[in-house]
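Here is work_5.txt, consisting of compact mmCIF, C-alpha atoms and all ligand atoms:
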# COMPACT_ATOMS: atom_id res chain seq x y z
CA PRO A 1 0.00 0.00 0.00
CA LYS A 2 1.10 3.59 -0.59
CA GLN A 3 2.49 5.57 2.35
CA GLN A 4 -0.23 7.53 4.14
CA THR A 5 0.63 10.98 5.47
CA VAL A 6 -1.21 13.75 7.28
CA SER A 7 -1.84 15.28 3.82
CA THR A 8 -3.19 12.10 2.20
CA ILE A 9 -5.66 11.75 5.10
CA LYS A 10 -6.72 15.41 4.83
CA LYS A 11 -7.18 14.99 1.08
CA LEU A 12 -9.29 11.85 1.48
CA VAL A 13 -11.51 13.62 4.02
CA SER A 14 -11.87 16.67 1.75
CA GLU A 15 -13.14 14.29 -0.92
CA GLY A 16 -15.82 13.04 1.48
CA GLU A 17 -14.27 9.63 2.16
CA LYS A 18 -14.22 8.06 5.64
CA PHE A 19 -10.99 6.58 7.00
CA THR A 20 -10.13 3.93 9.53
CA VAL A 21 -7.75 3.73 12.45
CA LEU A 22 -6.83 0.67 14.53
CA THR A 23 -4.39 0.31 17.39
CA ALA A 24 -1.29 -1.88 17.10
CA TYR A 25 1.47 -2.43 19.63
CA ASP A 26 3.79 -4.80 17.76
CA ALA A 27 5.20 -5.56 14.29
CA THR A 28 2.85 -8.46 13.49
CA PHE A 29 -0.37 -6.57 14.21
CA ALA A 30 1.04 -3.46 12.50
CA HIS A 31 1.61 -5.55 9.36
CA LEU A 32 -1.88 -7.13 9.55
CA VAL A 33 -3.67 -3.81 10.03
CA SER A 34 -1.71 -1.76 7.47
CA SER A 35 -1.91 -4.38 4.74
CA ASN A 36 -5.71 -4.72 5.00
CA GLY A 37 -6.87 -1.20 4.20
CA VAL A 38 -6.46 0.66 7.48
CA GLU A 39 -5.00 4.14 6.86
CA VAL A 40 -3.77 5.01 10.35
CA ILE A 41 -2.17 2.93 13.13
CA LEU A 42 -2.50 4.24 16.65
CA VAL A 43 0.19 3.06 19.05
CA GLY A 44 -2.20 3.78 21.90
CA ASP A 45 -1.35 3.92 25.57
CA SER A 46 -4.30 1.49 25.81
CA LEU A 47 -1.37 -0.94 25.61
CA GLY A 48 -1.08 -0.39 29.38
CA MET A 49 -4.39 -2.19 29.80
CA VAL A 50 -4.63 -4.68 26.91
CA PHE A 51 -0.93 -5.57 26.57
CA GLN A 52 0.44 -5.02 30.09
CA GLY A 53 -2.76 -5.95 31.94
CA LYS A 54 -2.75 -2.86 34.12
CA GLU A 55 -5.80 -1.15 35.68
CA SER A 56 -5.58 2.01 33.56
CA THR A 57 -3.30 3.83 31.11
CA VAL A 58 -1.82 5.96 33.92
CA PRO A 59 1.30 3.81 34.60
CA VAL A 60 2.51 3.79 30.95
CA THR A 61 5.91 5.48 30.39
CA VAL A 62 7.52 7.27 27.43
CA ASP A 63 10.16 4.52 27.23
CA GLU A 64 7.43 1.88 26.89
CA MET A 65 5.73 3.91 24.15
CA VAL A 66 9.10 4.21 22.37
CA TYR A 67 9.61 0.42 22.55
CA HIS A 68 6.16 -0.34 21.08
CA THR A 69 6.37 2.41 18.45
CA ALA A 70 9.71 1.04 17.18
CA ALA A 71 8.21 -2.48 16.99
CA VAL A 72 5.16 -1.21 15.07
CA MET A 73 7.40 0.65 12.58
CA ARG A 74 9.20 -2.60 11.69
CA GLY A 75 5.93 -4.23 10.60
CA ASN A 76 4.12 -1.21 9.18
CA GLN A 77 3.15 -1.34 5.49
CA GLY A 78 2.48 2.32 4.71
CA ALA A 79 0.04 3.38 7.41
CA LEU A 80 0.36 6.78 9.08
CA VAL A 81 1.63 5.96 12.57
CA MET A 82 0.38 8.03 15.48
CA ALA A 83 1.87 7.44 18.95
CA ASP A 84 0.31 8.45 22.27
CA LEU A 85 2.15 10.75 24.64
CA PRO A 86 1.56 8.89 27.91
CA PHE A 87 0.35 10.23 31.27
CA ASN A 88 2.41 13.05 32.81
CA SER A 89 4.83 13.31 29.85
CA TYR A 90 3.52 16.62 28.42
CA GLY A 91 3.10 19.08 31.29
CA SER A 92 5.29 21.96 30.11
CA VAL A 93 6.04 22.89 26.51
CA GLU A 94 9.64 21.82 27.09
CA GLN A 95 8.66 18.40 28.46
CA THR A 96 6.20 17.94 25.58
CA LEU A 97 8.90 18.60 22.97
CA GLU A 98 11.29 16.23 24.73
CA SER A 99 8.77 13.35 25.05
CA SER A 100 7.48 13.84 21.48
CA GLY A 101 11.03 13.86 20.12
CA LYS A 102 11.57 10.40 21.59
CA LEU A 103 8.42 9.04 19.92
CA MET A 104 9.34 10.63 16.58
CA ARG A 105 12.87 9.21 16.74
CA ALA A 106 11.29 5.78 17.34
CA GLY A 107 9.57 6.26 13.97
CA ALA A 108 6.17 7.80 14.77
CA HIS A 109 4.78 10.20 12.15
CA MET A 110 2.71 12.17 14.68
CA VAL A 111 1.82 12.27 18.37
CA LYS A 112 -1.50 12.28 20.24
CA LEU A 113 -2.16 14.33 23.39
CA GLU A 114 -5.18 14.18 25.70
CA GLY A 115 -6.63 17.56 26.61
CA GLY A 116 -8.22 20.87 25.70
CA ALA A 117 -7.31 24.45 24.93
CA TRP A 118 -4.68 24.57 27.70
CA LEU A 119 -2.48 22.54 25.33
CA CYS A 120 -2.51 25.21 22.58
CA ASP A 121 1.02 26.48 23.34
CA SER A 122 2.38 22.93 23.23
CA VAL A 123 0.54 22.19 19.99
CA THR A 124 2.01 25.32 18.36
CA ALA A 125 5.51 24.45 19.60
CA LEU A 126 5.17 20.90 18.22
CA SER A 127 3.90 22.23 14.93
CA ARG A 128 6.90 24.57 14.66
CA ALA A 129 9.19 21.65 15.49
CA GLY A 130 7.71 19.68 12.59
CA ILE A 131 5.66 17.31 14.73
CA PRO A 132 2.01 16.78 13.63
CA THR A 133 -0.53 16.35 16.43
CA CYS A 134 -3.85 14.70 17.18
CA LEU A 135 -5.77 16.13 20.14
CA HIS A 136 -7.94 13.70 22.12
CA LEU A 137 -11.07 15.23 23.70
CA GLY A 138 -14.13 13.90 25.53
CA LEU A 139 -13.33 10.85 27.65
CA THR A 140 -9.58 11.17 28.12
CA PRO A 141 -8.58 7.94 29.92
CA GLN A 142 -5.40 9.39 31.46
CA SER A 143 -7.75 11.53 33.60
CA VAL A 144 -9.80 8.56 34.88
CA ASN A 145 -8.89 9.48 38.45
CA LYS A 146 -10.33 12.99 37.96
CA PHE A 147 -13.45 11.70 36.15
CA GLY A 148 -14.06 8.92 38.70
CA GLY A 149 -14.64 6.32 36.00
CA TYR A 150 -15.09 5.89 32.25
CA LYS A 151 -18.19 7.98 31.47
CA VAL A 152 -19.72 9.68 28.44
CA GLN A 153 -18.53 13.32 28.28
CA GLY A 154 -20.15 16.51 26.97
CA ARG A 155 -23.72 15.66 27.99
CA ASP A 156 -24.71 19.13 29.24
CA ASP A 157 -24.71 22.35 27.23
CA THR A 158 -21.73 23.94 28.97
CA ALA A 159 -19.56 20.86 28.54
CA ALA A 160 -20.64 20.54 24.90
CA GLN A 161 -19.85 24.21 24.20
CA THR A 162 -16.45 23.87 25.90
CA MET A 163 -15.61 20.84 23.75
CA ILE A 164 -16.43 22.72 20.54
CA CYS A 165 -14.37 25.75 21.67
CA ASP A 166 -11.44 23.51 22.70
CA ALA A 167 -11.43 21.74 19.35
CA LYS A 168 -11.53 25.02 17.43
CA ALA A 169 -8.75 26.61 19.52
CA LEU A 170 -6.53 23.55 19.16
CA VAL A 171 -6.94 23.41 15.38
CA GLU A 172 -6.24 27.15 15.24
CA ALA A 173 -3.07 26.49 17.29
CA GLY A 174 -1.91 23.93 14.72
CA ALA A 175 -3.54 20.59 15.63
CA ASP A 176 -3.77 18.33 12.57
CA PHE A 177 -6.44 15.88 13.80
CA ILE A 178 -9.01 15.81 16.62
CA LEU A 179 -10.10 12.57 18.31
CA LEU A 180 -13.37 12.32 20.24
CA GLU A 181 -13.98 9.48 22.70
CA CYS A 182 -17.37 8.68 24.29
CA VAL A 183 -19.34 11.77 23.36
CA PRO A 184 -22.98 12.01 22.24
CA ALA A 185 -23.29 11.48 18.49
CA ASP A 186 -24.90 14.88 17.84
CA LEU A 187 -22.09 16.71 19.66
CA ALA A 188 -19.43 14.79 17.69
CA LYS A 189 -21.23 15.87 14.53
CA ARG A 190 -21.15 19.52 15.64
CA VAL A 191 -17.41 19.34 16.45
CA THR A 192 -16.70 17.70 13.08
CA GLU A 193 -18.57 20.49 11.29
CA ALA A 194 -16.92 23.22 13.42
CA VAL A 195 -13.26 22.38 12.75
CA ASP A 196 -11.19 22.40 9.60
CA ALA A 197 -9.33 19.18 10.46
CA PRO A 198 -10.11 15.47 10.24
CA VAL A 199 -12.02 14.23 13.29
CA ILE A 200 -11.67 10.62 14.47
CA GLY A 201 -14.31 9.06 16.72
CA ILE A 202 -14.63 6.19 19.17
CA GLY A 203 -18.05 5.96 20.78
CA ALA A 204 -18.75 9.27 19.03
CA GLY A 205 -21.33 8.30 16.42
CA LYS A 206 -21.18 7.93 12.68
CA ASP A 207 -20.58 11.51 11.57
CA THR A 208 -16.88 11.89 12.38
CA ASP A 209 -14.45 11.64 9.44
CA GLY A 210 -12.69 8.56 10.79
CA GLN A 211 -13.30 5.75 13.28
CA VAL A 212 -10.88 4.08 15.68
CA LEU A 213 -11.08 0.85 17.70
CA VAL A 214 -8.66 -1.08 19.88
CA ILE A 215 -7.49 -4.07 17.80
CA TYR A 216 -8.04 -6.71 20.53
CA ASP A 217 -11.59 -5.41 21.12
CA MET A 218 -12.67 -5.60 17.47
CA LEU A 219 -11.12 -9.05 17.05
CA GLY A 220 -13.02 -10.33 20.08
CA LEU A 221 -9.81 -11.15 21.97
CA ASN A 222 -10.36 -8.92 24.98
CA PRO A 223 -11.72 -11.09 27.83
CA HIS A 224 -13.29 -8.13 29.67
CA LYS A 225 -16.76 -6.59 29.30
CA MET A 226 -16.80 -4.49 26.13
CA ALA A 227 -17.90 -0.87 25.87
CA LYS A 228 -21.15 -0.16 23.98
CA PHE A 229 -19.16 1.30 21.04
CA VAL A 230 -17.21 -1.89 20.26
CA LYS A 231 -18.18 -4.24 17.43
CA ASN A 232 -16.66 -7.73 17.30
CA TYR A 233 -15.69 -8.25 13.65
CA ALA A 234 -14.06 -11.63 14.26
CA ALA A 235 -17.51 -12.96 15.17
CA ILE A 236 -18.61 -12.11 11.60
CA ASP A 237 -15.56 -12.97 9.55
CA THR A 238 -13.45 -16.01 10.08
CA THR A 239 -9.95 -14.70 9.51
CA TRP A 240 -8.38 -11.63 11.06
CA GLN A 241 -7.59 -10.32 7.57
CA LYS A 242 -11.26 -10.52 6.56
CA ALA A 243 -12.42 -9.10 9.89
CA ILE A 244 -10.25 -6.01 9.40
CA GLN A 245 -11.38 -5.65 5.78
CA ALA A 246 -15.01 -5.84 6.96
CA TYR A 247 -14.37 -3.05 9.47
CA VAL A 248 -12.77 -0.86 6.78
CA GLN A 249 -15.68 -1.50 4.41
CA ASP A 250 -18.28 -0.84 7.13
CA VAL A 251 -16.71 2.53 8.00
CA LYS A 252 -16.34 3.56 4.34
CA GLU A 253 -19.97 2.67 3.61
CA GLY A 254 -21.34 4.22 6.81
CA HIS A 255 -22.51 0.93 8.37
CA PHE A 256 -20.26 1.26 11.43
CA PRO A 257 -20.98 2.62 13.96
CA ALA A 258 -24.66 1.59 13.93
CA PRO A 259 -27.16 3.18 16.36
CA GLU A 260 -26.50 0.46 18.98
CA HIS A 261 -22.82 1.56 19.17
CA CYS A 262 -23.66 5.26 19.77
CA PHE A 263 -24.51 7.49 22.73
CA GLU A 264 -27.51 9.80 22.49
O1 LIG A 301 -4.91 4.40 23.60
C1 LIG A 301 -5.80 4.21 22.76
O2 LIG A 301 -5.96 3.11 22.20
C2 LIG A 301 -6.67 5.33 22.41
C3 LIG A 301 -7.90 5.05 21.60
C4 LIG A 301 -8.89 4.26 22.35
C5 LIG A 301 -8.47 6.29 21.04
O3 LIG A 301 -6.37 6.44 22.79
NA NA A 302 -4.73 6.49 24.36

In structure tokens, how does this file's structure come out?
Amino acid sequence: PKQQTVSTIKKLVSEGEKFTVLTAYDATFAHLVSSNGVEVILVGDSLGMVFQGKESTVPVTVDEMVYHTAAVMRGNQGALVMADLPFNSYGSVEQTLESSGKLMRAGAHMVKLEGGAWLCDSVTALSRAGIPTCLHLGLTPQSVNKFGGYKVQGRDDTAAQTMICDAKALVEAGADFILLECVPADLAKRVTEAVDAPVIGIGAGKDTDGQVLVIYDMLGLNPHKMAKFVKNYAAIDTTWQKAIQAYVQDVKEGHFPAPEHCFE
């Protein structure tokens, strides 16, 4: 497959096409995902839970993200690779540049940060340093201890308005993509319309430009109770290759997420 870049994704979105994102944490899954139609690989700090078996993403370190990003790069077949900045690795602008530099040197094409408009200075500094960014809003799992659990975000008017303003400010500051997790479908639609950048959703309805899932969830390998937004594609298609192709086709054709995967 041809090499995807931030520009190829923006072009595809401008032409009205949907794109797909899946997580990968190693070379084998990176190869599987990128050679079956998925445009973007997310080396997510979800690896703390699904790979390391920890309670949350909070304990994940930059060094661990570097290790997994390097492994993913060895298997990648042309996907755009986005790596998560883990918990407590992007407080100051200086620390953000330092942590992001490590992920980029491991081979990542861009970094993802969890948070709102307070990250604008960091986003601008990264942009100037040549580092594309994705800004994760809504349910930001690194803040689970502040939220008191994994809950749908942006339900009331004030929270919804704040999310739209945050997304706009971040894109203005130089953010390349926005990612929305666990937000009502109508709010995700409003954010997608409000910003001039591709918006990726998980539990955010069908109107975002792209969709993301955790690979072990969509292949039915995660032994834990699944969130409402997950669809098990391995239950439909017998090989992992076909399961991933079915996910890509569903997103492109607007069949995933279906109403039962969305929050009102
Ligand atoms: O870490 C991760 O896998 C993520 C996605 C769930 C968006 O951030
Ligand atoms: Na993450």

Quiz item: For A:Thr192, which residue out of A:Val6, A:Leu103, A:Val13, A:Val251 is the nearest one, using all atoms listed in the file?
Solution: A:Val13

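For the set A:Gly149, A:Gly201, A:Gly44, A:Gly107, the residue with the smallest atom-to-atom gap to ligand LIG 301 (chain A) is A:Gly44, counting only C-alpha atoms and all ligand atoms.
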
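Based on all atoms listed in the file, the protein and nucleic acid residues found within 9 Å of ligand NA 302 (chain A) are, by chain and then by number, Leu42, Val43, Gly44, Asp45, Ser46, Leu47, Thr57, Ala83, Asp84, Leu85, Pro86, Lys112, Leu113, Glu114, His136, Thr140, Pro141 and Gln142 of chain A.
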
How about saving the chosen residues, C-alpha atoms kept, as a JSON list (two decimals), in the frame of the given file?
[["chain", "number", "residue", "atom", "x", "y", "z"],
["A", 42, "LEU", "CA", -2.50, 4.24, 16.65],
["A", 43, "VAL", "CA", 0.19, 3.06, 19.05],
["A", 44, "GLY", "CA", -2.20, 3.78, 21.90],
["A", 45, "ASP", "CA", -1.35, 3.92, 25.57],
["A", 46, "SER", "CA", -4.30, 1.49, 25.81],
["A", 47, "LEU", "CA", -1.37, -0.94, 25.61],
["A", 57, "THR", "CA", -3.30, 3.83, 31.11],
["A", 83, "ALA", "CA", 1.87, 7.44, 18.95],
["A", 84, "ASP", "CA", 0.31, 8.45, 22.27],
["A", 85, "LEU", "CA", 2.15, 10.75, 24.64],
["A", 86, "PRO", "CA", 1.56, 8.89, 27.91],
["A", 112, "LYS", "CA", -1.50, 12.28, 20.24],
["A", 113, "LEU", "CA", -2.16, 14.33, 23.39],
["A", 114, "GLU", "CA", -5.18, 14.18, 25.70],
["A", 136, "HIS", "CA", -7.94, 13.70, 22.12],
["A", 140, "THR", "CA", -9.58, 11.17, 28.12],
["A", 141, "PRO", "CA", -8.58, 7.94, 29.92],
["A", 142, "GLN", "CA", -5.40, 9.39, 31.46]]

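Using all atoms listed in the file, the nearest neighbour of ligand LIG 301 (chain A) within the list A:Gly37, A:Pro184, A:Gly101, A:Gly115 is A:Gly115.
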
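Remark: for A:Thr162, the closest of the candidate residues A:Ser100, A:Trp118, A:Ser14, A:Val199 is A:Trp118 (distances computed over only C-alpha atoms).
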
Practice problem: List every protein, DNA or RNA residue that has an atom no more than 6 Å from (-11.5, -4.5, 18.3) in the file's coordinate frame, counting all atoms listed in the file, and report them as a ChimeraX atom specification. | Solution: /A:213-219

Quiz item: Near A:Leu139, within 12 Å and counting all atoms listed in the file, which residues show up once chain neighbours fewer than 3 positions away are dropped, as a count of residues only?
Solution: 31
